[in-house]
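Shown next: upload_6.txt, containing compact mmCIF, C-alpha atoms and all ligand atoms.
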# COMPACT_ATOMS: atom_id res chain seq x y z
CA MET D 165 0.00 0.00 0.00
CA ASN D 166 1.28 3.44 -0.86
CA THR D 167 -1.35 5.96 0.03
CA LEU D 168 -0.79 9.66 -0.20
CA GLN D 169 -2.50 11.65 2.50
CA ASN D 170 -4.15 14.63 0.87
CA ILE D 171 -4.55 17.45 3.32
CA SER D 172 -5.94 20.43 1.49
CA THR D 173 -5.76 22.65 4.57
CA LEU D 174 -1.97 22.50 4.71
CA PRO D 175 -0.13 25.76 4.14
CA VAL D 176 0.88 26.22 0.54
CA VAL D 177 4.63 26.53 0.49
CA SER D 178 6.25 28.46 -2.27
CA LEU D 179 9.62 30.01 -2.75
CA LEU D 180 8.04 33.36 -1.96
CA ASP D 181 7.73 32.23 1.67
CA ALA D 182 11.47 32.58 1.98
CA GLY D 183 11.23 36.29 1.28
CA SER D 184 13.45 38.00 -1.20
CA ILE D 185 16.97 36.77 -0.76
CA ALA D 186 19.77 39.02 -1.82
CA THR D 187 23.07 37.17 -1.51
CA PRO D 188 25.44 39.85 -0.21
CA SER D 189 28.42 40.62 -2.35
CA TYR D 190 31.52 41.75 -0.50
CA SER D 191 34.60 43.56 -1.63
CA LYS D 192 37.86 41.66 -1.23
CA SER D 193 38.80 43.62 1.90
CA GLU D 194 35.32 43.32 3.47
CA ARG D 195 35.43 39.58 2.95
CA ALA D 196 38.90 39.33 4.49
CA GLN D 197 37.81 41.39 7.50
CA LEU D 198 34.71 39.30 8.06
CA ARG D 199 36.70 36.07 7.81
CA THR D 200 39.29 37.28 10.31
CA ARG D 201 36.58 38.45 12.70
CA ILE D 202 34.69 35.13 12.49
CA ILE D 203 37.86 33.10 13.16
CA GLN D 204 38.63 35.30 16.19
CA LEU D 205 35.05 35.10 17.52
CA LEU D 206 34.87 31.32 17.15
CA LYS D 207 37.94 31.08 19.43
CA GLU D 208 36.69 33.66 21.92
CA LYS D 209 33.29 32.02 22.26
CA ASP D 210 34.55 28.42 22.35
CA ALA D 211 32.40 27.80 19.29
CA VAL D 212 32.61 25.48 16.31
CA LEU D 213 30.99 25.94 12.91
CA VAL D 214 28.79 23.12 11.62
CA ALA D 215 27.72 23.80 8.03
CA HIS D 216 25.65 22.05 5.36
CA TYR D 217 26.91 21.47 1.81
CA TYR D 218 24.27 23.84 0.43
CA VAL D 219 25.45 27.01 2.21
CA ASP D 220 27.73 29.64 0.75
CA ALA D 221 31.16 28.33 -0.32
CA GLU D 222 32.92 30.84 1.95
CA ILE D 223 31.08 29.57 5.01
CA GLN D 224 31.93 25.99 4.03
CA GLU D 225 35.60 26.94 3.74
CA LEU D 226 35.59 28.72 7.10
CA ALA D 227 33.99 25.69 8.77
CA GLU D 228 36.75 23.42 7.51
CA GLU D 229 39.61 25.86 8.20
CA THR D 230 38.51 26.36 11.81
CA GLY D 231 38.10 22.69 12.76
CA GLY D 232 34.36 22.53 12.17
CA THR D 233 32.63 20.47 9.53
CA VAL D 234 30.73 20.66 6.26
CA ALA D 235 28.38 17.71 6.03
CA ASP D 236 24.96 16.22 5.29
CA SER D 237 22.25 16.43 7.91
CA LEU D 238 23.14 13.07 9.48
CA GLU D 239 26.81 13.93 9.94
CA MET D 240 25.96 17.46 11.16
CA ALA D 241 23.92 15.83 13.96
CA ARG D 242 26.71 13.38 14.79
CA PHE D 243 29.54 15.94 14.69
CA GLY D 244 27.90 18.20 17.28
CA THR D 245 27.62 15.37 19.80
CA SER D 246 31.30 14.44 19.61
CA HIS D 247 32.91 17.91 19.48
CA PRO D 248 34.03 19.45 22.80
CA ALA D 249 33.10 23.09 21.97
CA SER D 250 30.47 24.58 24.29
CA THR D 251 28.76 26.42 21.41
CA LEU D 252 27.70 25.01 18.04
CA VAL D 253 27.11 27.54 15.27
CA VAL D 254 24.83 25.71 12.86
CA SER D 255 24.87 27.15 9.36
CA GLY D 256 22.02 25.57 7.46
CA VAL D 257 18.28 25.56 8.08
CA ARG D 258 16.35 25.63 11.31
CA PHE D 259 15.66 21.91 11.73
CA MET D 260 19.44 21.34 11.70
CA GLY D 261 19.88 23.76 14.62
CA GLU D 262 16.98 22.13 16.45
CA THR D 263 18.43 18.66 15.98
CA ALA D 264 21.72 19.92 17.43
CA LYS D 265 19.88 21.33 20.47
CA ILE D 266 17.84 18.15 21.01
CA LEU D 267 21.03 16.08 21.07
CA ASN D 268 23.15 18.62 23.01
CA PRO D 269 20.99 20.35 25.64
CA GLU D 270 24.05 21.46 27.62
CA LYS D 271 25.49 23.34 24.63
CA THR D 272 24.53 26.74 23.27
CA ILE D 273 23.25 26.40 19.71
CA VAL D 274 23.12 29.53 17.57
CA MET D 275 22.37 30.05 13.89
CA PRO D 276 23.23 32.94 11.53
CA THR D 277 19.46 33.39 11.11
CA LEU D 278 16.43 31.76 12.68
CA GLU D 279 14.38 32.52 9.58
CA ALA D 280 16.02 29.84 7.47
CA GLU D 281 13.25 27.28 7.31
CA CYS D 282 12.57 24.32 5.04
CA SER D 283 9.47 23.69 2.93
CA LEU D 284 9.25 20.13 4.26
CA ASP D 285 9.25 21.30 7.88
CA ILE D 286 6.63 23.95 7.03
CA SER D 287 4.45 21.38 5.24
CA ALA D 288 4.02 19.33 8.43
CA PRO D 289 2.57 21.46 11.25
CA VAL D 290 2.58 19.41 14.44
CA ASP D 291 -1.16 19.58 15.14
CA LYS D 292 -2.14 18.25 11.68
CA PHE D 293 0.64 15.71 11.62
CA SER D 294 -0.31 14.41 15.09
CA GLN D 295 -3.92 14.08 13.93
CA PHE D 296 -2.70 11.96 11.00
CA CYS D 297 -0.75 9.77 13.46
CA ASP D 298 -3.74 9.48 15.82
CA GLN D 299 -5.90 8.33 12.91
CA ASN D 300 -3.42 5.54 12.15
CA PRO D 301 -2.41 4.16 15.54
CA ASN D 302 -1.27 0.78 14.18
CA ARG D 303 1.58 2.31 12.16
CA THR D 304 5.18 3.05 13.14
CA VAL D 305 5.71 6.78 12.71
CA VAL D 306 8.90 7.51 10.76
CA VAL D 307 9.77 11.14 10.03
CA TYR D 308 12.44 12.75 7.93
CA ALA D 309 15.02 14.86 9.78
CA ASN D 310 13.60 17.89 7.91
CA THR D 311 10.88 18.39 10.55
CA SER D 312 10.33 20.48 13.67
CA ALA D 313 11.31 19.28 17.15
CA ALA D 314 7.59 18.90 17.94
CA VAL D 315 7.03 16.55 14.98
CA LYS D 316 10.11 14.53 15.93
CA ALA D 317 8.64 14.28 19.43
CA ARG D 318 5.58 12.56 17.89
CA ALA D 319 7.71 10.04 15.95
CA ASP D 320 8.99 6.53 16.66
CA TRP D 321 11.97 7.01 14.32
CA VAL D 322 13.80 9.89 12.66
CA VAL D 323 15.74 9.18 9.46
CA THR D 324 17.83 11.18 7.00
CA SER D 325 18.35 10.62 3.29
CA GLY D 326 21.51 8.71 4.28
CA ASN D 327 19.72 5.94 6.18
CA ALA D 328 15.99 6.14 5.33
CA VAL D 329 15.93 3.09 3.03
CA ALA D 330 17.93 0.91 5.45
CA ILE D 331 15.81 1.84 8.48
CA ILE D 332 12.46 1.32 6.75
CA GLU D 333 13.70 -1.95 5.27
CA HIS D 334 14.59 -3.03 8.81
CA LEU D 335 11.12 -2.05 10.12
CA TRP D 336 9.36 -3.75 7.20
CA GLN D 337 11.34 -6.96 7.78
CA LYS D 338 9.96 -6.89 11.33
CA GLY D 339 6.45 -6.61 9.85
CA GLN D 340 5.82 -2.99 10.83
CA LYS D 341 3.59 -0.81 8.67
CA VAL D 342 4.89 2.73 8.35
CA LEU D 343 3.38 6.19 8.54
CA TRP D 344 5.84 8.43 6.71
CA GLY D 345 6.27 12.20 6.52
CA PRO D 346 6.70 14.74 5.26
CA ASP D 347 8.45 14.25 1.87
CA LYS D 348 6.16 12.40 -0.57
CA HIS D 349 8.89 11.95 -3.18
CA LEU D 350 11.37 10.44 -0.74
CA GLY D 351 8.51 8.38 0.72
CA ARG D 352 7.61 6.93 -2.68
CA TYR D 353 11.26 6.22 -3.43
CA ILE D 354 11.69 4.34 -0.12
CA GLN D 355 8.45 2.48 -0.75
CA GLN D 356 9.66 1.42 -4.18
CA LYS D 357 13.07 0.31 -2.85
CA THR D 358 11.76 -1.63 0.17
CA GLY D 359 8.22 -2.71 -0.79
CA ALA D 360 7.14 -1.51 2.68
CA ASP D 361 3.52 -0.69 3.45
CA MET D 362 3.69 3.10 3.80
CA LEU D 363 1.11 5.79 4.37
CA ILE D 364 2.69 8.98 3.04
CA TRP D 365 2.22 12.64 4.02
CA ASP D 366 1.83 15.16 1.19
CA GLY D 367 4.91 17.38 1.55
CA ALA D 368 7.72 18.27 -0.85
CA CYS D 369 10.98 20.16 -1.09
CA VAL D 370 10.43 23.24 -3.27
CA VAL D 371 13.96 22.98 -4.64
CA HIS D 372 14.08 19.30 -5.62
CA GLU D 373 10.47 19.16 -6.77
CA ALA D 374 11.40 21.66 -9.49
CA PHE D 375 13.69 19.25 -11.37
CA LYS D 376 12.03 18.35 -14.65
CA SER D 377 12.07 14.90 -16.19
CA ASP D 378 11.52 15.86 -19.86
CA THR D 379 14.20 18.51 -19.98
CA LEU D 380 16.55 16.15 -18.13
CA LYS D 381 15.96 13.53 -20.84
CA ASN D 382 16.95 16.10 -23.49
CA LEU D 383 20.01 17.20 -21.54
CA ARG D 384 21.17 13.58 -21.28
CA LYS D 385 21.13 13.38 -25.09
CA HIS D 386 23.66 16.25 -25.18
CA TYR D 387 25.84 14.52 -22.57
CA PRO D 388 25.45 10.80 -23.32
CA ASN D 389 28.47 9.87 -21.18
CA ALA D 390 27.45 11.86 -18.13
CA ALA D 391 26.40 10.05 -14.95
CA VAL D 392 23.16 11.38 -13.48
CA LEU D 393 23.22 12.02 -9.71
CA VAL D 394 19.88 12.61 -7.98
CA HIS D 395 18.87 13.46 -4.41
CA PRO D 396 15.82 11.36 -3.44
CA GLU D 397 13.70 14.44 -2.62
CA SER D 398 13.28 14.73 -6.41
CA PRO D 399 10.19 13.47 -8.31
CA MET D 400 10.10 9.79 -9.28
CA ASP D 401 10.44 10.44 -13.03
CA VAL D 402 13.70 12.29 -12.30
CA ILE D 403 14.91 9.58 -9.89
CA ALA D 404 14.13 6.99 -12.58
CA GLN D 405 16.86 8.53 -14.79
CA ALA D 406 19.56 8.42 -12.10
CA ASP D 407 22.76 6.43 -12.07
CA VAL D 408 23.16 7.23 -8.37
CA VAL D 409 20.40 8.23 -5.91
CA GLY D 410 21.44 9.29 -2.43
CA SER D 411 22.18 11.80 0.29
CA THR D 412 24.37 14.80 -0.42
CA THR D 413 27.38 12.88 0.94
CA ARG D 414 26.63 9.91 -1.33
CA LEU D 415 26.41 12.18 -4.40
CA ILE D 416 29.75 13.84 -3.54
CA GLN D 417 31.35 10.39 -3.16
CA ALA D 418 29.96 9.40 -6.56
CA VAL D 419 31.68 12.31 -8.30
CA SER D 420 35.09 11.19 -7.02
CA GLN D 421 34.49 7.43 -7.27
CA LEU D 422 32.87 7.02 -10.70
CA SER D 423 35.14 7.11 -13.73
CA ASN D 424 32.80 9.40 -15.73
CA SER D 425 34.21 12.83 -16.53
CA GLN D 426 30.78 14.53 -16.71
CA PHE D 427 27.97 14.57 -14.15
CA ILE D 428 24.43 15.91 -14.32
CA VAL D 429 23.51 16.81 -10.75
CA ALA D 430 19.91 17.04 -9.48
CA THR D 431 20.30 18.66 -6.09
CA ASP D 432 20.97 22.14 -4.68
CA ASN D 433 23.87 23.70 -6.56
CA GLY D 434 25.60 24.72 -3.31
CA ILE D 435 26.95 21.15 -3.37
CA PHE D 436 29.14 22.00 -6.40
CA HIS D 437 31.70 23.65 -4.15
CA LYS D 438 32.53 20.37 -2.36
CA MET D 439 32.25 18.38 -5.61
CA ARG D 440 34.84 20.66 -7.23
CA GLN D 441 37.10 20.24 -4.20
CA VAL D 442 37.02 16.45 -4.41
CA ALA D 443 37.08 16.18 -8.23
CA GLY D 444 38.14 19.46 -9.80
CA ASP D 445 38.83 17.82 -13.17
CA LYS D 446 35.22 16.67 -13.66
CA GLN D 447 32.52 18.64 -15.47
CA LEU D 448 29.43 19.32 -13.37
CA ILE D 449 26.15 20.18 -15.08
CA GLU D 450 23.04 21.38 -13.25
CA ALA D 451 19.94 19.29 -13.88
CA PRO D 452 17.20 21.49 -15.37
CA THR D 453 14.63 23.04 -13.03
CA ALA D 454 12.24 24.37 -15.66
CA GLY D 455 10.20 22.70 -18.39
CA GLU D 456 10.76 23.40 -22.10
CA GLY D 457 10.45 27.15 -22.71
CA ALA D 458 9.76 28.01 -19.05
CA THR D 459 11.89 30.17 -16.82
CA CYS D 460 13.71 28.71 -13.86
CA GLU D 461 11.90 29.09 -10.52
CA SER D 462 14.23 27.82 -7.81
CA CYS D 463 17.34 27.67 -10.02
CA ALA D 464 18.32 24.69 -7.88
CA HIS D 465 19.30 26.70 -4.85
CA CYS D 466 17.47 26.57 -1.54
CA PRO D 467 16.33 30.10 -0.66
CA TRP D 468 16.56 29.35 3.04
CA MET D 469 20.10 27.96 2.87
CA ALA D 470 21.01 31.12 0.95
CA MET D 471 20.02 33.23 3.97
CA ASN D 472 23.27 32.19 5.68
CA SER D 473 25.93 34.83 5.03
CA LEU D 474 29.30 35.99 6.38
CA ASN D 475 27.49 39.08 7.70
CA ASN D 476 24.83 37.35 9.76
CA LEU D 477 27.32 34.71 10.88
CA THR D 478 29.52 37.51 12.27
CA SER D 479 26.67 39.32 14.00
CA THR D 480 25.36 36.09 15.53
CA LEU D 481 28.79 35.34 16.98
CA GLU D 482 29.11 38.91 18.29
CA SER D 483 25.69 39.06 19.93
CA MET D 484 25.10 35.34 20.56
CA ASN D 485 21.51 36.04 19.53
CA ASN D 486 19.61 33.64 17.32
CA GLU D 487 19.85 30.94 19.93
CA ILE D 488 17.83 27.75 19.46
CA THR D 489 15.73 26.80 22.46
CA ILE D 490 13.40 23.81 22.83
CA ASP D 491 11.11 23.18 25.76
CA GLU D 492 12.35 20.26 27.84
CA PRO D 493 9.28 17.96 27.58
CA THR D 494 9.42 18.22 23.76
CA ARG D 495 13.19 17.72 23.71
CA LEU D 496 13.01 14.63 25.91
CA LYS D 497 10.52 13.03 23.53
CA ALA D 498 12.27 14.16 20.34
CA ILE D 499 15.65 12.78 21.42
CA GLN D 500 14.35 9.20 21.56
CA PRO D 501 13.79 8.64 17.79
CA LEU D 502 16.99 10.55 17.02
CA LEU D 503 19.07 8.34 19.34
CA LYS D 504 17.49 5.25 17.77
CA MET D 505 18.61 6.51 14.36
CA LEU D 506 22.17 7.20 15.53
CA ALA D 507 22.37 3.79 17.23
CA PHE D 508 21.08 2.08 14.07
CA ASN D 509 23.85 3.74 12.08
CA GLU D 510 26.49 2.83 14.67
CA ASN D 511 25.49 -0.86 14.58
CA LYS D 512 25.54 -0.90 10.80
CA ALA D 513 29.00 0.64 10.76
CA GLN D 514 30.38 -2.07 13.11
P1 LIG J 1 21.09 15.60 3.18
O1 LIG J 1 20.85 15.00 4.53
O2 LIG J 1 21.22 14.56 2.09
O3 LIG J 1 22.26 16.52 3.22
O4 LIG J 1 19.80 16.42 2.77
C1 LIG J 1 19.32 17.49 3.50
C2 LIG J 1 18.45 18.36 2.70
O5 LIG J 1 17.81 19.25 3.22
C3 LIG J 1 18.38 18.12 1.27
O6 LIG J 1 17.53 19.04 0.67
FE1 LIG J 2 14.40 21.94 2.84
FE2 LIG J 2 14.59 21.56 0.25
FE3 LIG J 2 15.94 23.54 1.38
FE4 LIG J 2 16.66 20.95 1.79
S1 LIG J 2 16.72 22.09 -0.13
S2 LIG J 2 16.50 22.55 3.33
S3 LIG J 2 14.64 19.98 1.82
S4 LIG J 2 13.71 23.36 1.26

Will you turn the file into structure tokens for me?
Ligand code: 13P
Ligand code: SF4
Amino acid sequence: MNTLQNISTLPVVSLLDAGSIATPSYSKSERAQLRTRIIQLLKEKDAVLVAHYYVDAEIQELAEETGGTVADSLEMARFGTSHPASTLVVSGVRFMGETAKILNPEKTIVMPTLEAECSLDISAPVDKFSQFCDQNPNRTVVVYANTSAAVKARADWVVTSGNAVAIIEHLWQKGQKVLWGPDKHLGRYIQQKTGADMLIWDGACVVHEAFKSDTLKNLRKHYPNAAVLVHPESPMDVIAQADVVGSTTRLIQAVSQLSNSQFIVATDNGIFHKMRQVAGDKQLIEAPTAGEGATCESCAHCPWMAMNSLNNLTSTLESMNNEITIDEPTRLKAIQPLLKMLAFNENKAQ
């Protein structure tokens, strides 16, 4: 069974919800000053920078130069728990900061902006999602990491794109039927891979949903030797054309491991920075985000990730504003499915 829950009352999420994003452009000397200031502040505040692959290349570089990390959402969660710094500066979107706080209540978690949301998180308000769970009490509730702390608190398991298939396969082998949310495309992909009985929430990522199957087919004709790399938040007809489907980390590995010299990449183009670092000699081509003759809407870049800048990173470190807080009863519930996920990964790695 693969039933899509249609909830017409859900907020309509569009790129406009992210406001108008103007990526700041700095002069060479402004950039150098901001970098120096951030490095100094990270030391002064006993803070470490934890960044996602989709944020600005300069923030990614700073994270690595200062002993922080640039990672997918699974590794961002793990890194924070093992690093000794008393403050984690999470550069990404809000659910990533919340996950860090759930797992590290004793640490201060700040973000360059608290307005960086995620269309998947927005698509699953806790009251409506809980109602959906209450209506299906015989199902194991599995939620994607791209959800609020309150939704995680309602879940039996949290998964990321790096372990979703393995965890649901494990649950299905134990005979458990799954209630999945919020990403319908990832849900359908997992369902197809595992054959699990899944009831699926109707949410989507505004960035990945924009990749277009027909124009991708045409692009592949121009680059017949290119490998196609697709993040599983993309629509099924795009996933169907992939040579590799996986988390951001998996797609970066593919660029360095496969012998192809050209890659068509269907995920946020912020990832190109790391891909160029690991395989600078390879040609990277953006998968198309608009149909034939149409203009590009998202242009394959998450508007919320783009809200992270050197400027707001500096002011957050100066003021220590933009702190993530989660009420303790919610945190204590939300940590359980997250710890299960981390333990599952640990056991698999052994
Ligand atoms: P990853 O966990 O694969 O990095 O994905 C997070 C995300 O938000 C993708 O849009
Ligand atoms: Fe959310 Fe999509 Fe942005 Fe990832 S790319 S943070 S799923 S809106």

| task | Quick one: everything within 8 Å of Glu373 in chain D, counting all atoms listed in the file, minus sequence neighbours fewer than 4 positions away in the same chain. Send it as number ranges by chain. | result | D: 368-369, 397-399

| Pick from D:Val409, D:Ile488, D:Ala314, D:Leu238: nearest to ligand LIG 1 (chain J), with all atoms listed in the file counted? | D:Leu238

With 4 Å added on each side, what axis-aligned box encloses every listed atom of ligand LIG 2 (chain J)? Give the centre and edge lengths in Å to one decimal, as JSON.
{"center_x": 15.2, "center_y": 21.8, "center_z": 1.6, "size_x": 11.0, "size_y": 11.6, "size_z": 11.5}

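Using only C-alpha atoms, every residue with an atom at most 8 Å from the point (18.5, 16.6, 5.6) is listed here: D:Asp236, D:Ser237, D:Leu238, D:Met260, D:Tyr308, D:Ala309, D:Asn310, D:Thr324, D:Ser325.
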
Output C-alpha atoms of each residue in that selection to a file, as a PDB file, in the frame of the given file.
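The resulting file, again_15.pdb, is shown below:
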ATOM      1  CA  ASP D 236      24.960  16.220   5.290  1.00  0.00           C
ATOM      2  CA  SER D 237      22.250  16.430   7.910  1.00  0.00           C
ATOM      3  CA  LEU D 238      23.140  13.070   9.480  1.00  0.00           C
ATOM      4  CA  MET D 260      19.440  21.340  11.700  1.00  0.00           C
ATOM      5  CA  TYR D 308      12.440  12.750   7.930  1.00  0.00           C
ATOM      6  CA  ALA D 309      15.020  14.860   9.780  1.00  0.00           C
ATOM      7  CA  ASN D 310      13.600  17.890   7.910  1.00  0.00           C
ATOM      8  CA  THR D 324      17.830  11.180   7.000  1.00  0.00           C
ATOM      9  CA  SER D 325      18.350  10.620   3.290  1.00  0.00           C
TER      10      SER D 325
END

| atom O4 of ligand LIG 1 (chain J) and CA of Ala211 in chain D, how far apart in Å? |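 Separation between CA of Ala211 in chain D and atom O4 of ligand LIG 1 (chain J): 23.7 Å.
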
| message | The residues within 8 Å of (5.4, 5.8, 6.3), using all atoms listed in the file and the coordinates of the file, should be reported as an NGL selection string; which are they? | response | :D and (303-307 or 341-345 or 351 or 361-365)

| Spatial neighbours of Lys512 in chain D, max dist 12 Å, only C-alpha atoms, sep filter under 3 positions, as an NGL selection string | :D and (327 or 330-331 or 334 or 505-509)

Collect all residues with atoms no farther than 9 Å from ligand LIG 2 (chain J), counting all atoms listed in the file, and output them as a tab-separated table (two decimals) with C-alpha atoms, keeping the file's coordinate frame.
chain	number	residue	atom	x	y	z
D	179	LEU	CA	9.62	30.01	-2.75
D	218	TYR	CA	24.27	23.84	0.43
D	256	GLY	CA	22.02	25.57	7.46
D	257	VAL	CA	18.28	25.56	8.08
D	258	ARG	CA	16.35	25.63	11.31
D	259	PHE	CA	15.66	21.91	11.73
D	260	MET	CA	19.44	21.34	11.70
D	280	ALA	CA	16.02	29.84	7.47
D	281	GLU	CA	13.25	27.28	7.31
D	282	CYS	CA	12.57	24.32	5.04
D	283	SER	CA	9.47	23.69	2.93
D	284	LEU	CA	9.25	20.13	4.26
D	285	ASP	CA	9.25	21.30	7.88
D	310	ASN	CA	13.60	17.89	7.91
D	347	ASP	CA	8.45	14.25	1.87
D	368	ALA	CA	7.72	18.27	-0.85
D	369	CYS	CA	10.98	20.16	-1.09
D	370	VAL	CA	10.43	23.24	-3.27
D	371	VAL	CA	13.96	22.98	-4.64
D	372	HIS	CA	14.08	19.30	-5.62
D	373	GLU	CA	10.47	19.16	-6.77
D	397	GLU	CA	13.70	14.44	-2.62
D	431	THR	CA	20.30	18.66	-6.09
D	432	ASP	CA	20.97	22.14	-4.68
D	464	ALA	CA	18.32	24.69	-7.88
D	465	HIS	CA	19.30	26.70	-4.85
D	466	CYS	CA	17.47	26.57	-1.54
D	467	PRO	CA	16.33	30.10	-0.66
D	468	TRP	CA	16.56	29.35	3.04
D	469	MET	CA	20.10	27.96	2.87
